[in-house]
Every structure is written in structure tokens, then in C-alpha cells.
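Asks: target.txt is reproduced in full below (compact mmCIF, C-alpha atoms and all ligand atoms).
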```txt
# COMPACT_ATOMS: atom_id res chain seq x y z
CA MET U 1 -8.48 8.86 37.87
CA ALA U 2 -5.44 11.07 37.57
CA THR U 3 -6.04 14.07 39.77
CA GLU U 4 -4.91 17.51 38.76
CA ALA U 5 -4.54 20.16 41.46
CA LYS U 6 -6.58 22.91 39.77
CA THR U 7 -9.59 22.44 37.53
CA LYS U 8 -11.23 24.64 34.90
CA HIS U 9 -14.62 23.18 35.81
CA ASP U 10 -16.86 24.87 38.36
CA GLN U 11 -18.12 23.48 41.64
CA LYS U 12 -21.69 22.87 40.50
CA PHE U 13 -20.61 20.85 37.47
CA LEU U 14 -18.21 18.61 39.38
CA GLU U 15 -20.65 18.16 42.27
CA GLY U 16 -23.29 17.02 39.78
CA VAL U 17 -20.91 14.58 38.11
CA TYR U 18 -19.73 13.18 41.44
CA LYS U 19 -23.28 12.65 42.70
CA GLU U 20 -24.32 11.05 39.42
CA MET U 21 -21.43 8.58 39.44
CA MET U 22 -22.08 7.80 43.10
CA LEU U 23 -25.77 7.22 42.38
CA TYR U 24 -24.84 4.63 39.74
CA ARG U 25 -22.37 2.88 42.05
CA ARG U 26 -24.87 2.71 44.91
CA PHE U 27 -27.72 1.77 42.57
CA GLU U 28 -25.82 -1.28 41.36
CA GLU U 29 -24.81 -2.25 44.91
CA LYS U 30 -28.41 -1.92 46.02
CA VAL U 31 -29.87 -4.07 43.25
CA ASN U 32 -27.14 -6.65 43.78
CA LEU U 33 -28.25 -7.01 47.41
CA ALA U 34 -31.91 -7.13 46.42
CA TYR U 35 -31.08 -9.91 43.95
CA GLN U 36 -29.27 -11.87 46.63
CA LYS U 37 -32.30 -11.50 48.90
CA GLY U 38 -34.35 -13.12 46.14
CA LYS U 39 -36.41 -10.04 45.34
CA PHE U 40 -36.03 -10.72 41.63
CA ALA U 41 -34.51 -13.35 39.35
CA GLY U 42 -32.95 -13.68 35.90
CA PHE U 43 -29.67 -12.14 34.82
CA LEU U 44 -27.95 -9.22 36.52
CA HIS U 45 -24.84 -7.64 35.00
CA LEU U 46 -23.39 -4.83 37.09
CA HIS U 47 -21.57 -1.78 35.74
CA ILE U 48 -19.58 -1.05 38.91
CA GLY U 49 -16.19 0.48 38.00
CA GLN U 50 -17.34 1.73 34.59
CA GLU U 51 -19.27 4.81 35.79
CA ALA U 52 -16.88 7.49 34.48
CA LEU U 53 -17.43 6.34 30.93
CA CYS U 54 -21.22 6.37 31.12
CA VAL U 55 -21.38 9.83 32.71
CA GLY U 56 -18.60 11.31 30.55
CA VAL U 57 -20.24 10.13 27.34
CA GLN U 58 -23.79 11.13 28.25
CA ARG U 59 -22.69 14.62 29.24
CA SER U 60 -21.18 15.05 25.77
CA LEU U 61 -24.56 14.42 24.09
CA LEU U 62 -27.78 16.37 23.55
CA PRO U 63 -31.22 15.04 24.57
CA ASN U 64 -32.12 14.26 20.94
CA ASP U 65 -29.14 11.97 20.43
CA TYR U 66 -29.70 8.22 20.62
CA VAL U 67 -28.00 5.65 22.83
CA ILE U 68 -28.10 1.89 22.31
CA SER U 69 -26.26 -0.69 24.37
CA GLY U 70 -25.83 -4.29 25.48
CA TYR U 71 -27.05 -5.93 28.65
CA ARG U 72 -24.79 -4.09 31.16
CA SER U 73 -26.87 -0.97 30.82
CA HIS U 74 -28.97 -0.03 33.87
CA THR U 75 -26.89 3.06 34.53
CA GLN U 76 -26.66 4.07 30.87
CA ALA U 77 -30.47 4.00 30.77
CA ILE U 78 -30.66 6.25 33.82
CA ALA U 79 -28.02 8.58 32.35
CA LYS U 80 -30.19 8.89 29.21
CA GLY U 81 -33.06 10.10 31.36
CA ILE U 82 -35.05 7.04 32.42
CA ASP U 83 -36.16 7.56 36.02
CA PRO U 84 -34.00 5.37 38.32
CA LYS U 85 -37.22 4.39 40.11
CA ALA U 86 -38.52 2.95 36.83
CA VAL U 87 -35.25 1.09 36.24
CA MET U 88 -35.36 -0.38 39.75
CA ALA U 89 -39.03 -1.37 39.33
CA GLU U 90 -38.23 -2.95 35.97
CA LEU U 91 -35.59 -5.13 37.63
CA PHE U 92 -38.19 -6.15 40.21
CA GLY U 93 -40.57 -7.10 37.36
CA LYS U 94 -43.19 -4.52 38.33
CA LYS U 95 -45.79 -2.85 36.11
CA VAL U 96 -44.42 0.63 36.88
CA GLY U 97 -41.04 -0.48 35.52
CA ALA U 98 -39.46 1.16 32.46
CA CYS U 99 -40.85 -1.62 30.23
CA GLY U 100 -43.90 -2.54 32.25
CA GLY U 101 -41.95 -5.18 34.17
CA LYS U 102 -41.54 -7.39 31.12
CA GLY U 103 -37.96 -6.61 30.11
CA GLY U 104 -35.96 -7.00 33.30
CA SER U 105 -32.28 -6.28 33.75
CA MET U 106 -31.11 -6.64 30.14
CA HIS U 107 -33.88 -4.79 28.35
CA MET U 108 -34.30 -1.22 29.51
CA PHE U 109 -35.85 0.89 26.75
CA SER U 110 -37.44 4.28 26.13
CA LYS U 111 -38.53 5.37 22.68
CA GLU U 112 -39.32 8.90 23.92
CA LEU U 113 -35.94 9.35 25.59
CA ARG U 114 -34.16 7.67 22.68
CA PHE U 115 -32.58 4.94 24.75
CA LEU U 116 -32.98 2.01 22.36
CA GLY U 117 -32.03 -0.89 24.69
CA GLY U 118 -30.72 -3.06 26.41
CA HIS U 119 -29.77 -6.04 24.09
CA GLY U 120 -28.80 -9.55 25.18
CA ILE U 121 -27.25 -10.77 21.94
CA VAL U 122 -23.59 -9.86 22.14
CA GLY U 123 -22.94 -7.31 19.36
CA GLY U 124 -26.60 -7.34 18.28
CA GLN U 125 -26.90 -3.61 18.90
CA CYS U 126 -24.21 -2.79 16.29
CA PRO U 127 -26.29 -3.17 13.10
CA LEU U 128 -29.30 -1.58 14.83
CA ALA U 129 -27.12 1.46 15.54
CA ALA U 130 -26.13 1.58 11.87
CA GLY U 131 -29.85 1.51 11.00
CA VAL U 132 -30.54 4.45 13.30
CA GLY U 133 -27.51 6.23 11.81
CA PHE U 134 -29.04 5.70 8.37
CA ALA U 135 -32.37 7.16 9.58
CA ILE U 136 -30.56 10.21 10.97
CA ARG U 137 -28.82 10.78 7.63
CA TYR U 138 -32.05 10.17 5.69
CA ASN U 139 -33.98 12.63 7.85
CA LYS U 140 -31.20 15.23 7.51
CA THR U 141 -30.81 16.02 11.23
CA ASP U 142 -27.52 16.48 13.05
CA ASP U 143 -28.27 13.92 15.77
CA VAL U 144 -25.79 11.16 16.53
CA ILE U 145 -26.13 7.68 17.97
CA VAL U 146 -23.80 6.21 20.56
CA CYS U 147 -23.53 2.44 20.44
CA TYR U 148 -21.85 0.84 23.44
CA LEU U 149 -20.43 -2.65 23.05
CA GLY U 150 -18.06 -4.86 25.04
CA ASP U 151 -14.52 -5.83 24.08
CA ALA U 152 -15.61 -9.41 23.32
CA ALA U 153 -18.43 -8.11 21.11
CA THR U 154 -15.77 -6.93 18.66
CA ASN U 155 -15.22 -10.59 17.76
CA GLN U 156 -18.84 -10.97 16.66
CA GLY U 157 -19.51 -10.95 12.90
CA GLN U 158 -22.29 -8.38 13.13
CA PHE U 159 -19.81 -5.85 14.47
CA PHE U 160 -17.76 -6.01 11.25
CA GLU U 161 -20.77 -5.88 8.95
CA ALA U 162 -22.15 -2.88 10.82
CA MET U 163 -18.80 -1.07 10.80
CA ASN U 164 -18.49 -1.60 7.05
CA MET U 165 -21.95 -0.20 6.38
CA ALA U 166 -21.50 2.73 8.75
CA ALA U 167 -18.20 3.63 7.09
CA THR U 168 -19.42 3.14 3.52
CA TRP U 169 -22.60 5.18 4.02
CA GLU U 170 -20.93 7.74 6.33
CA LEU U 171 -23.37 7.27 9.18
CA PRO U 172 -23.16 9.33 12.37
CA VAL U 173 -22.57 6.39 14.71
CA LEU U 174 -20.10 6.54 17.58
CA TYR U 175 -19.22 2.95 18.43
CA ILE U 176 -17.76 2.84 21.93
CA ILE U 177 -15.97 -0.32 23.00
CA GLU U 178 -16.11 -0.61 26.78
CA ASN U 179 -12.87 -2.55 27.04
CA ASN U 180 -13.07 -4.02 30.54
CA ARG U 181 -10.55 -6.66 29.41
CA TYR U 182 -12.85 -9.66 29.71
CA GLY U 183 -15.72 -11.36 27.96
CA MET U 184 -17.65 -13.63 30.32
CA GLY U 185 -14.39 -14.95 31.72
CA THR U 186 -11.93 -14.85 28.87
CA ASP U 187 -9.12 -12.35 28.73
CA ILE U 188 -9.51 -10.39 25.49
CA ARG U 189 -5.80 -10.92 24.75
CA ARG U 190 -6.47 -14.65 24.33
CA THR U 191 -9.07 -14.12 21.63
CA THR U 192 -7.87 -11.10 19.70
CA SER U 193 -5.03 -10.64 17.22
CA VAL U 194 -4.62 -6.87 17.65
CA ASP U 195 -3.11 -5.11 20.68
CA LYS U 196 -5.58 -2.22 20.38
CA LEU U 197 -9.21 -2.94 19.53
CA ALA U 198 -9.63 0.55 18.04
CA LYS U 199 -7.27 -0.56 15.25
CA ARG U 200 -10.07 -2.68 13.86
CA ALA U 201 -11.42 0.55 12.37
CA LEU U 202 -8.43 0.59 10.00
CA ALA U 203 -10.04 -2.19 7.98
CA PHE U 204 -12.87 0.23 7.15
CA ASP U 205 -10.81 3.41 6.88
CA MET U 206 -12.84 4.70 9.81
CA ASP U 207 -11.84 7.35 12.38
CA HIS U 208 -10.77 5.78 15.65
CA SER U 209 -9.19 6.65 18.99
CA GLU U 210 -8.63 5.50 22.54
CA VAL U 211 -9.50 7.09 25.86
CA ASP U 212 -8.93 6.38 29.55
CA GLY U 213 -12.42 5.28 30.56
CA MET U 214 -11.59 5.50 34.26
CA ASP U 215 -11.31 9.29 34.11
CA PHE U 216 -14.51 11.30 33.73
CA LEU U 217 -12.75 14.50 32.63
CA LYS U 218 -10.75 12.79 29.90
CA VAL U 219 -13.82 10.94 28.60
CA HIS U 220 -15.92 14.09 28.60
CA GLU U 221 -13.37 16.16 26.74
CA HIS U 222 -12.53 13.46 24.22
CA VAL U 223 -16.10 12.43 23.41
CA SER U 224 -17.33 16.04 23.21
CA GLY U 225 -14.70 16.60 20.50
CA ILE U 226 -15.72 13.52 18.52
CA VAL U 227 -19.42 14.38 18.70
CA ALA U 228 -18.85 18.00 17.63
CA LYS U 229 -17.01 16.74 14.54
CA MET U 230 -19.69 14.17 13.73
CA ARG U 231 -22.40 16.82 13.82
CA LYS U 232 -20.48 18.92 11.29
CA LYS U 233 -19.64 16.05 8.98
CA GLN U 234 -21.55 12.80 9.32
CA LYS U 235 -19.28 9.78 9.59
CA PRO U 236 -18.72 7.02 12.12
CA HIS U 237 -16.01 6.73 14.77
CA LEU U 238 -14.72 3.76 16.74
CA LEU U 239 -13.64 4.69 20.26
CA GLU U 240 -11.92 2.22 22.56
CA ALA U 241 -12.40 3.16 26.21
CA MET U 242 -10.14 1.36 28.66
CA THR U 243 -12.15 0.50 31.74
CA TYR U 244 -12.64 -2.27 34.29
CA ARG U 245 -15.54 -4.04 35.96
CA TYR U 246 -14.98 -4.66 39.66
CA ARG U 247 -17.65 -7.36 39.96
CA GLY U 248 -18.06 -10.62 38.11
CA HIS U 249 -19.49 -10.84 34.61
CA SER U 250 -22.91 -11.48 36.12
CA VAL U 251 -23.90 -12.28 39.68
CA SER U 252 -23.09 -15.97 39.30
CA ASP U 253 -19.41 -15.63 38.32
CA PRO U 254 -16.73 -17.19 40.59
CA GLN U 255 -14.07 -15.04 38.82
CA THR U 256 -11.38 -17.71 38.65
CA TYR U 257 -9.86 -16.01 35.60
CA ARG U 258 -8.37 -13.07 37.50
CA THR U 259 -6.68 -12.35 40.82
CA LYS U 260 -7.95 -10.22 43.70
CA GLU U 261 -4.71 -8.22 43.38
CA GLU U 262 -5.59 -7.29 39.80
CA VAL U 263 -9.00 -5.98 40.86
CA ALA U 264 -7.40 -4.05 43.75
CA GLU U 265 -4.90 -2.47 41.34
CA TYR U 266 -7.72 -1.01 39.22
CA GLN U 267 -9.64 0.10 42.29
CA LYS U 268 -6.69 2.32 43.20
CA ARG U 269 -7.64 4.39 40.14
CA ASP U 270 -11.31 4.47 41.04
CA PRO U 271 -13.06 7.25 39.07
CA ILE U 272 -15.34 8.31 41.92
CA ILE U 273 -12.62 8.49 44.55
CA GLY U 274 -10.42 10.35 42.06
CA LEU U 275 -13.08 12.95 41.37
CA GLY U 276 -13.75 13.30 45.12
CA GLU U 277 -10.05 14.10 45.61
CA LEU U 278 -10.19 16.75 42.89
CA ILE U 279 -13.27 18.30 44.49
CA LYS U 280 -11.56 18.42 47.88
CA LYS U 281 -8.29 19.81 46.50
CA ASN U 282 -10.24 22.64 44.89
CA LYS U 283 -12.08 23.23 48.18
CA PHE U 284 -15.45 22.69 46.49
CA ALA U 285 -16.51 20.34 49.29
CA THR U 286 -15.14 18.72 52.42
CA ASP U 287 -14.90 15.04 53.25
CA GLU U 288 -17.99 15.43 55.48
CA GLU U 289 -19.97 16.93 52.63
CA LEU U 290 -19.01 14.09 50.30
CA LYS U 291 -20.18 11.64 52.96
CA ALA U 292 -23.45 13.54 53.38
CA TRP U 293 -24.09 13.38 49.59
CA ASP U 294 -23.49 9.65 49.74
CA ARG U 295 -25.92 9.25 52.67
CA GLN U 296 -28.60 11.17 50.77
CA ILE U 297 -28.12 8.92 47.72
CA ARG U 298 -28.43 5.80 49.88
CA ASP U 299 -31.65 7.16 51.43
CA ASP U 300 -33.07 7.95 47.98
CA LEU U 301 -32.23 4.44 46.80
CA GLN U 302 -33.91 2.89 49.82
CA ALA U 303 -37.06 4.85 48.93
CA MET U 304 -36.81 3.51 45.35
CA GLU U 305 -36.47 -0.05 46.57
CA ASP U 306 -39.47 0.39 48.89
CA TYR U 307 -41.45 1.76 45.94
CA ALA U 308 -40.46 -1.17 43.72
CA ASP U 309 -41.25 -3.63 46.50
CA ALA U 310 -44.69 -2.15 47.12
CA SER U 311 -45.69 -1.88 43.44
CA PRO U 312 -47.84 -4.56 41.78
CA LYS U 313 -46.67 -7.02 39.14
CA PRO U 314 -48.18 -6.69 35.66
CA PRO U 315 -51.63 -8.32 35.57
CA ILE U 316 -52.13 -11.60 33.72
CA GLU U 317 -54.16 -9.78 31.01
CA ASP U 318 -50.93 -7.98 30.02
CA ALA U 319 -49.22 -11.24 29.06
CA TYR U 320 -50.07 -10.98 25.34
CA LYS U 321 -49.75 -7.18 25.10
CA HIS U 322 -46.64 -5.74 23.42
CA VAL U 323 -45.64 -9.08 21.94
CA TYR U 324 -45.51 -7.15 18.68
CA ALA U 325 -45.03 -3.37 18.53
CA ASP U 326 -48.27 -1.37 18.65
C1 LIG X 401 -24.13 -13.83 20.10
C2 LIG X 401 -23.88 -14.20 21.51
N1 LIG X 401 -22.87 -15.06 21.81
C3 LIG X 401 -22.62 -15.39 23.10
C4 LIG X 401 -23.38 -14.88 24.12
C5 LIG X 401 -23.07 -15.25 25.56
N2 LIG X 401 -22.41 -14.12 26.22
C6 LIG X 401 -23.11 -13.29 27.00
S1 LIG X 401 -22.15 -12.07 27.60
C7 LIG X 401 -20.78 -12.62 26.82
C8 LIG X 401 -19.46 -11.90 26.96
C9 LIG X 401 -19.42 -10.55 26.34
O1 LIG X 401 -18.34 -9.79 26.82
P1 LIG X 401 -18.09 -8.30 26.40
O2 LIG X 401 -18.60 -8.07 25.02
O3 LIG X 401 -16.66 -7.98 26.65
O4 LIG X 401 -19.04 -7.45 27.37
P2 LIG X 401 -18.95 -7.27 28.97
O5 LIG X 401 -19.79 -8.37 29.54
O6 LIG X 401 -17.53 -7.37 29.37
O7 LIG X 401 -19.55 -5.95 29.27
C10 LIG X 401 -21.07 -13.78 26.10
C11 LIG X 401 -20.09 -14.53 25.30
C12 LIG X 401 -24.44 -14.00 23.78
N3 LIG X 401 -25.23 -13.45 24.71
N4 LIG X 401 -24.65 -13.67 22.48
MG MG X 402 -15.80 -7.11 28.32
```
Starting from the coordinates I provided, produce the structure as C-alpha cells.
Ligand SMILES: Cc1ncc(C[n+]2csc(CCOP(=O)(O)OP(=O)(O)O)c2C)c(N)n1
Ligand SMILES: [Mg+2]
Replies:
Amino acid sequence: MATEAKTKHDQKFLEGVYKEMMLYRRFEEKVNLAYQKGKFAGFLHLHIGQEALCVGVQRSLLPNDYVISGYRSHTQAIAKGIDPKAVMAELFGKKVGACGGKGGSMHMFSKELRFLGGHGIVGGQCPLAAGVGFAIRYNKTDDVIVCYLGDAATNQGQFFEAMNMAATWELPVLYIIENNRYGMGTDIRRTTSVDKLAKRALAFDMDHSEVDGMDFLKVHEHVSGIVAKMRKKQKPHLLEAMTYRYRGHSVSDPQTYRTKEEVAEYQKRDPIIGLGELIKKNKFATDEELKAWDRQIRDDLQAMEDYADASPKPPIEDAYKHVYAD
């Protein structure tokens, strides 16, 4: 993150953002370790490195707005208001989990909090977001829906169909491409004819832009502007956020498609370290205080893991419940 010397933001705001991003980083590290210890199985896609985007976007929204995403979405679910304890317990397959322990890593969901998943089909969330956009328009509210998708998801047919509908019907959908440069292990430049993915909006005469997804302040300012416009006049927007994932695609990825040097280069622009520097430069906190916040977060996460560990699995009678919506 590019650090400015002076900031217009106050101490409380930046402290909150820093702690939130640090919570997401430590959360993902914690569940990664738990997975390696065999505490739960299945897929696990970590969001480490992409925290600034999640926090910057969420802080540009109102509680009534909707968020829908792919499978790399533990932290986006927490940002939308799902208790991190419930997300942890869901990963552990426990009844107190966000989806009763039946969804696991890829399927966090909360109807009440308007976090609509957690989807494993690459790009599958795009037409669902258009559907929610249609409902918003039909019900004449000024809510918006944010639909996160990966760079590789922009090569999926559903993405184009959804973009066409959203543009034609002027639906308030903000499609955000988290361009972390790779699909599972394929560099996006090998599979894509355009240099900028946001340009794909041109085919639909749709508003589009790009933002540095490694910088919380830039994301927050840019997305707040887009959302304010969408509330005034309903229409979709395609935003390409340049970001990077530090870990493999999922936990079983040998990462032969990139070098350690490349990862290290991105880590030099780490959004959390960058914000910490800004906080220190503005004398909002000292190095010791930042470390103390981190220690508190680690303690809180340990308590969450203990809670998830100690909680029961769903009983066998629950097996046929929620197969179809109630
Ligand atoms: C329709 C479909 N095709 C293929 C897959 C297998 N798959 C899972 S993740 C993935 C890569 C997606 O990469 P990207 O959209 O860039 O998201 P990222 O993992 O980088 O967040 C693929 C091909 C799938 N889940 N669904
Ligand atoms: Mg990607």
C-alpha cells in the first residue's frame, strides 16, 4: 500500500480497519493450521493478501446491501456480519456453524445478513447477482448487490450472459473482479485476449474502472463513489481490482506456476503493513500497540478454535433437513 504521510481519516477509523484486516489475515492462518492438523477436511481456499479489497468494499456499503461471492469467501462473510465464531465452526463442520455445519469452507451463507454465498461453480454467482439486482429494481429500493468473482471467472459463459442482462435491464449490480492474476494455476495472460479485464464491460456499454486492490484507502474511496452513483441511478458497473493471493489456490497447490520472488515482490506492498506504517506516521499508535492488537486477535482466534473444537457435529437426524429450502 502506498503510504501518505498525513491522512484525512481519524485514529478510530484507521485502527478499526487495521484490526479488521489483521483479524482476516490471522483467521485464515489459523484455519490453515487447523486443516493441516486434520481438524476438518474438504476444500480450503485462503484469502491471504486480498484483505484490503474485502474491507474497503464492505465499508462502502450499507447493512441492507447484498454481497455474493465465490469459494474464497470466509473473510467476506465475516465482513458482511457473520460472526467469525460461526464461520470457524462451519469450517469445522459443527452444528453451531453459519450453515449448521453442512456447507463448509465454500458455502458460507446468511439470508438475514444478506450474504448470499459462497459458490463453488466458477462464475455461478454472476447470474444470481443479476437476479438479485432485478429484485432490487422490482421492489424499488436503493440497495445494491456486490458480486465478487475471480479473474478466471471472466472466461466463463455465465459471466457474459449476466453482464448483458444487468446492462440491458439497468440492474444495480457491482461486479468486482478480484484479479489475483491466476486461476487455479494458469496465468490470466495466457487465457485472455484483453490486457485489462475491465474492458470486457465495453461489449455491453457498461460502466467500468480499475482500482489498486492492495490499498484499503484507494478501494474505499473508489467503491464509495461507485455505490453512491448506483443508488442515484440504477445501473451495473464492472470493477477490476488488482490484487494478489500469497498462498496457493487451495491448500493442496504446489505453486509451480510462479516464483517465490514474485510472491515476495507483492508482499512488499502488503496492505496491512502499509496501513500500519500510516498509523505510526500519524502517531495514532506505536509499534508496541500494533503488536498488542495482534496478540489480542490471536487470543480471540484461539478462543474461537476452542469453541469450534468443543462444539458437537450436526446430529444424524439433520441429514435430510434443508435439502430443499424451507
Ligand atoms: C464452472 C467451473 N469450472 C471449473 C472449475 C474448477 N475451478 C475451481 S477454482 C478455478 C479457478 C478460478 O480462478 P479465479 O476465478 O481467478 O478465482 P481465484 O481462485 O483466483 O480466486 C477453477 C477452474 C469450477 N469450480 N467451476
Ligand atoms: Mg484468480
Asks: Please identify every polymer residue within 8 Å of ligand LIG 401 (chain X), using all atoms listed in the file, and present the set as a PDB file with C-alpha atoms, in the coordinates of the input.
Replies:
```pdb
ATOM      1  CA  HIS U  45     -24.840  -7.640  35.000  1.00  0.00           C
ATOM      2  CA  HIS U  47     -21.570  -1.780  35.740  1.00  0.00           C
ATOM      3  CA  GLY U  70     -25.830  -4.290  25.480  1.00  0.00           C
ATOM      4  CA  TYR U  71     -27.050  -5.930  28.650  1.00  0.00           C
ATOM      5  CA  ARG U  72     -24.790  -4.090  31.160  1.00  0.00           C
ATOM      6  CA  GLY U 120     -28.800  -9.550  25.180  1.00  0.00           C
ATOM      7  CA  ILE U 121     -27.250 -10.770  21.940  1.00  0.00           C
ATOM      8  CA  VAL U 122     -23.590  -9.860  22.140  1.00  0.00           C
ATOM      9  CA  GLY U 123     -22.940  -7.310  19.360  1.00  0.00           C
ATOM     10  CA  GLY U 124     -26.600  -7.340  18.280  1.00  0.00           C
ATOM     11  CA  LEU U 149     -20.430  -2.650  23.050  1.00  0.00           C
ATOM     12  CA  GLY U 150     -18.060  -4.860  25.040  1.00  0.00           C
ATOM     13  CA  ASP U 151     -14.520  -5.830  24.080  1.00  0.00           C
ATOM     14  CA  ALA U 152     -15.610  -9.410  23.320  1.00  0.00           C
ATOM     15  CA  ALA U 153     -18.430  -8.110  21.110  1.00  0.00           C
ATOM     16  CA  THR U 154     -15.770  -6.930  18.660  1.00  0.00           C
ATOM     17  CA  GLN U 156     -18.840 -10.970  16.660  1.00  0.00           C
ATOM     18  CA  GLU U 178     -16.110  -0.610  26.780  1.00  0.00           C
ATOM     19  CA  ASN U 179     -12.870  -2.550  27.040  1.00  0.00           C
ATOM     20  CA  ASN U 180     -13.070  -4.020  30.540  1.00  0.00           C
ATOM     21  CA  ARG U 181     -10.550  -6.660  29.410  1.00  0.00           C
ATOM     22  CA  TYR U 182     -12.850  -9.660  29.710  1.00  0.00           C
ATOM     23  CA  GLY U 183     -15.720 -11.360  27.960  1.00  0.00           C
ATOM     24  CA  MET U 184     -17.650 -13.630  30.320  1.00  0.00           C
ATOM     25  CA  GLY U 185     -14.390 -14.950  31.720  1.00  0.00           C
ATOM     26  CA  ILE U 188      -9.510 -10.390  25.490  1.00  0.00           C
ATOM     27  CA  ARG U 245     -15.540  -4.040  35.960  1.00  0.00           C
ATOM     28  CA  HIS U 249     -19.490 -10.840  34.610  1.00  0.00           C
ATOM     29  CA  SER U 250     -22.910 -11.480  36.120  1.00  0.00           C
TER      30      SER U 250
END
```
Asks: So, counting all atoms listed in the file, which residue among U:Val194, U:Ala285, U:Ala241, U:Met88 is closest to ligand MG 402 (chain X)?
Replies: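 The answer is U:Ala241, which sits nearest to ligand MG 402 (chain X).
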Asks: With distances taken over only C-alpha atoms and all ligand atoms, which of U:Glu240, U:Asp187, U:Glu221, U:Asp294 is nearest to ligand MG 402 (chain X)?
Replies: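 Answer, going by the shortest atom-to-atom distance: U:Asp187.
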Asks: For U:Asp207, please output as JSON, numbers by chain all residues within 10 Å (counting only C-alpha atoms; exclusion window: fewer than 3 positions along the same chain).
Replies: {"U": [167, 174, 198, 199, 201, 202, 204, 226, 235, 236, 237, 238, 239]}
Asks: Atom CA of U:Arg114 and atom CA of U:Val67 are how many Å apart?
Replies: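 Taking atom CA of U:Arg114 as the start and atom CA of U:Val67 as the end point, the length is 6.5 Å.
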Asks: From the list U:Met21, U:Met242, U:Cys147, U:Met230, which residue is nearest ligand MG 402 (chain X) when using only C-alpha atoms and all ligand atoms?
Replies: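 Closest to ligand MG 402 (chain X) of all the choices is U:Met242.
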Asks: Nearest residue to U:Asp215 out of U:Ala292, U:Lys80, U:Val57, U:Gly104, using all atoms listed in the file?
Replies: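 Selected residue with least distance to U:Asp215: U:Val57.
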Asks: Which is closest to ligand MG 402 (chain X) among U:Arg247, U:Lys30, U:Arg298, U:His222, if we use only C-alpha atoms and all ligand atoms?
Replies: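 The answer is U:Arg247, which sits nearest to ligand MG 402 (chain X).
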Asks: Could you check the closest approach to ligand MG 402 (chain X) for each of U:Pro63, U:Gly118, U:Gly93, U:Gly248 and tell me which residue wins, using only C-alpha atoms and all ligand atoms?
Replies: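 Distance minimum relative to ligand MG 402 (chain X) lands on U:Gly248.
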Asks: To one decimal place in Å, what is the distance between atom CA of U:His74 and atom CA of U:Ser105?
Replies: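 Going from atom CA of U:His74 over to atom CA of U:Ser105, I get 7.1 Å.
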Asks: List as a PDB file with C-alpha atoms, in the frame of the given file the residues having at least one atom at most 12 Å from position (-24.2, 2.6, 44.6) as given in the file, counting only C-alpha atoms.
Replies:
```pdb
ATOM      1  CA  TYR U  18     -19.730  13.180  41.440  1.00  0.00           C
ATOM      2  CA  LYS U  19     -23.280  12.650  42.700  1.00  0.00           C
ATOM      3  CA  GLU U  20     -24.320  11.050  39.420  1.00  0.00           C
ATOM      4  CA  MET U  21     -21.430   8.580  39.440  1.00  0.00           C
ATOM      5  CA  MET U  22     -22.080   7.800  43.100  1.00  0.00           C
ATOM      6  CA  LEU U  23     -25.770   7.220  42.380  1.00  0.00           C
ATOM      7  CA  TYR U  24     -24.840   4.630  39.740  1.00  0.00           C
ATOM      8  CA  ARG U  25     -22.370   2.880  42.050  1.00  0.00           C
ATOM      9  CA  ARG U  26     -24.870   2.710  44.910  1.00  0.00           C
ATOM     10  CA  PHE U  27     -27.720   1.770  42.570  1.00  0.00           C
ATOM     11  CA  GLU U  28     -25.820  -1.280  41.360  1.00  0.00           C
ATOM     12  CA  GLU U  29     -24.810  -2.250  44.910  1.00  0.00           C
ATOM     13  CA  LYS U  30     -28.410  -1.920  46.020  1.00  0.00           C
ATOM     14  CA  VAL U  31     -29.870  -4.070  43.250  1.00  0.00           C
ATOM     15  CA  ASN U  32     -27.140  -6.650  43.780  1.00  0.00           C
ATOM     16  CA  LEU U  33     -28.250  -7.010  47.410  1.00  0.00           C
ATOM     17  CA  LEU U  46     -23.390  -4.830  37.090  1.00  0.00           C
ATOM     18  CA  HIS U  47     -21.570  -1.780  35.740  1.00  0.00           C
ATOM     19  CA  ILE U  48     -19.580  -1.050  38.910  1.00  0.00           C
ATOM     20  CA  GLY U  49     -16.190   0.480  38.000  1.00  0.00           C
ATOM     21  CA  GLU U  51     -19.270   4.810  35.790  1.00  0.00           C
ATOM     22  CA  THR U  75     -26.890   3.060  34.530  1.00  0.00           C
ATOM     23  CA  PRO U  84     -34.000   5.370  38.320  1.00  0.00           C
ATOM     24  CA  ILE U 272     -15.340   8.310  41.920  1.00  0.00           C
ATOM     25  CA  TRP U 293     -24.090  13.380  49.590  1.00  0.00           C
ATOM     26  CA  ASP U 294     -23.490   9.650  49.740  1.00  0.00           C
ATOM     27  CA  ARG U 295     -25.920   9.250  52.670  1.00  0.00           C
ATOM     28  CA  GLN U 296     -28.600  11.170  50.770  1.00  0.00           C
ATOM     29  CA  ILE U 297     -28.120   8.920  47.720  1.00  0.00           C
ATOM     30  CA  ARG U 298     -28.430   5.800  49.880  1.00  0.00           C
ATOM     31  CA  ASP U 299     -31.650   7.160  51.430  1.00  0.00           C
ATOM     32  CA  ASP U 300     -33.070   7.950  47.980  1.00  0.00           C
ATOM     33  CA  LEU U 301     -32.230   4.440  46.800  1.00  0.00           C
ATOM     34  CA  GLN U 302     -33.910   2.890  49.820  1.00  0.00           C
TER      35      GLN U 302
END
```
Asks: Could you state the separation of atom CA of U:Asn64 and atom CA of U:Gly81 in Å, given to one decimal place?
Replies: 11.3 Å
Asks: Using only C-alpha atoms, list the residues that have an atom at most 7 Å from (-37.9, -3.3, 45.4), coordinates as in the file, as number ranges by chain.
Replies: U: 39, 88-89, 92, 304-309
Asks: If you take every atom of stretch 33-42 of chain U that the file lists and fit an axis-aligned box around them with 3 Å extra on each side, what centre and edge lengths come out in Å to one decimal, as AutoDock Vina command-line options?
Replies:
```
--center_x -32.3 --center_y -10.3 --center_z 42.4 --size_x 14.2 --size_y 12.7 --size_z 19.0
```
Asks: Would you list the contacts of U:Leu14 as a ChimeraX atom specification, taking every protein, DNA or RNA residue within 10 Å and counting all atoms listed in the file, but skipping same-chain residues closer than 3 positions in sequence?
Replies: /U:7,9-11,17-20,216-217,275-276,278-279,284
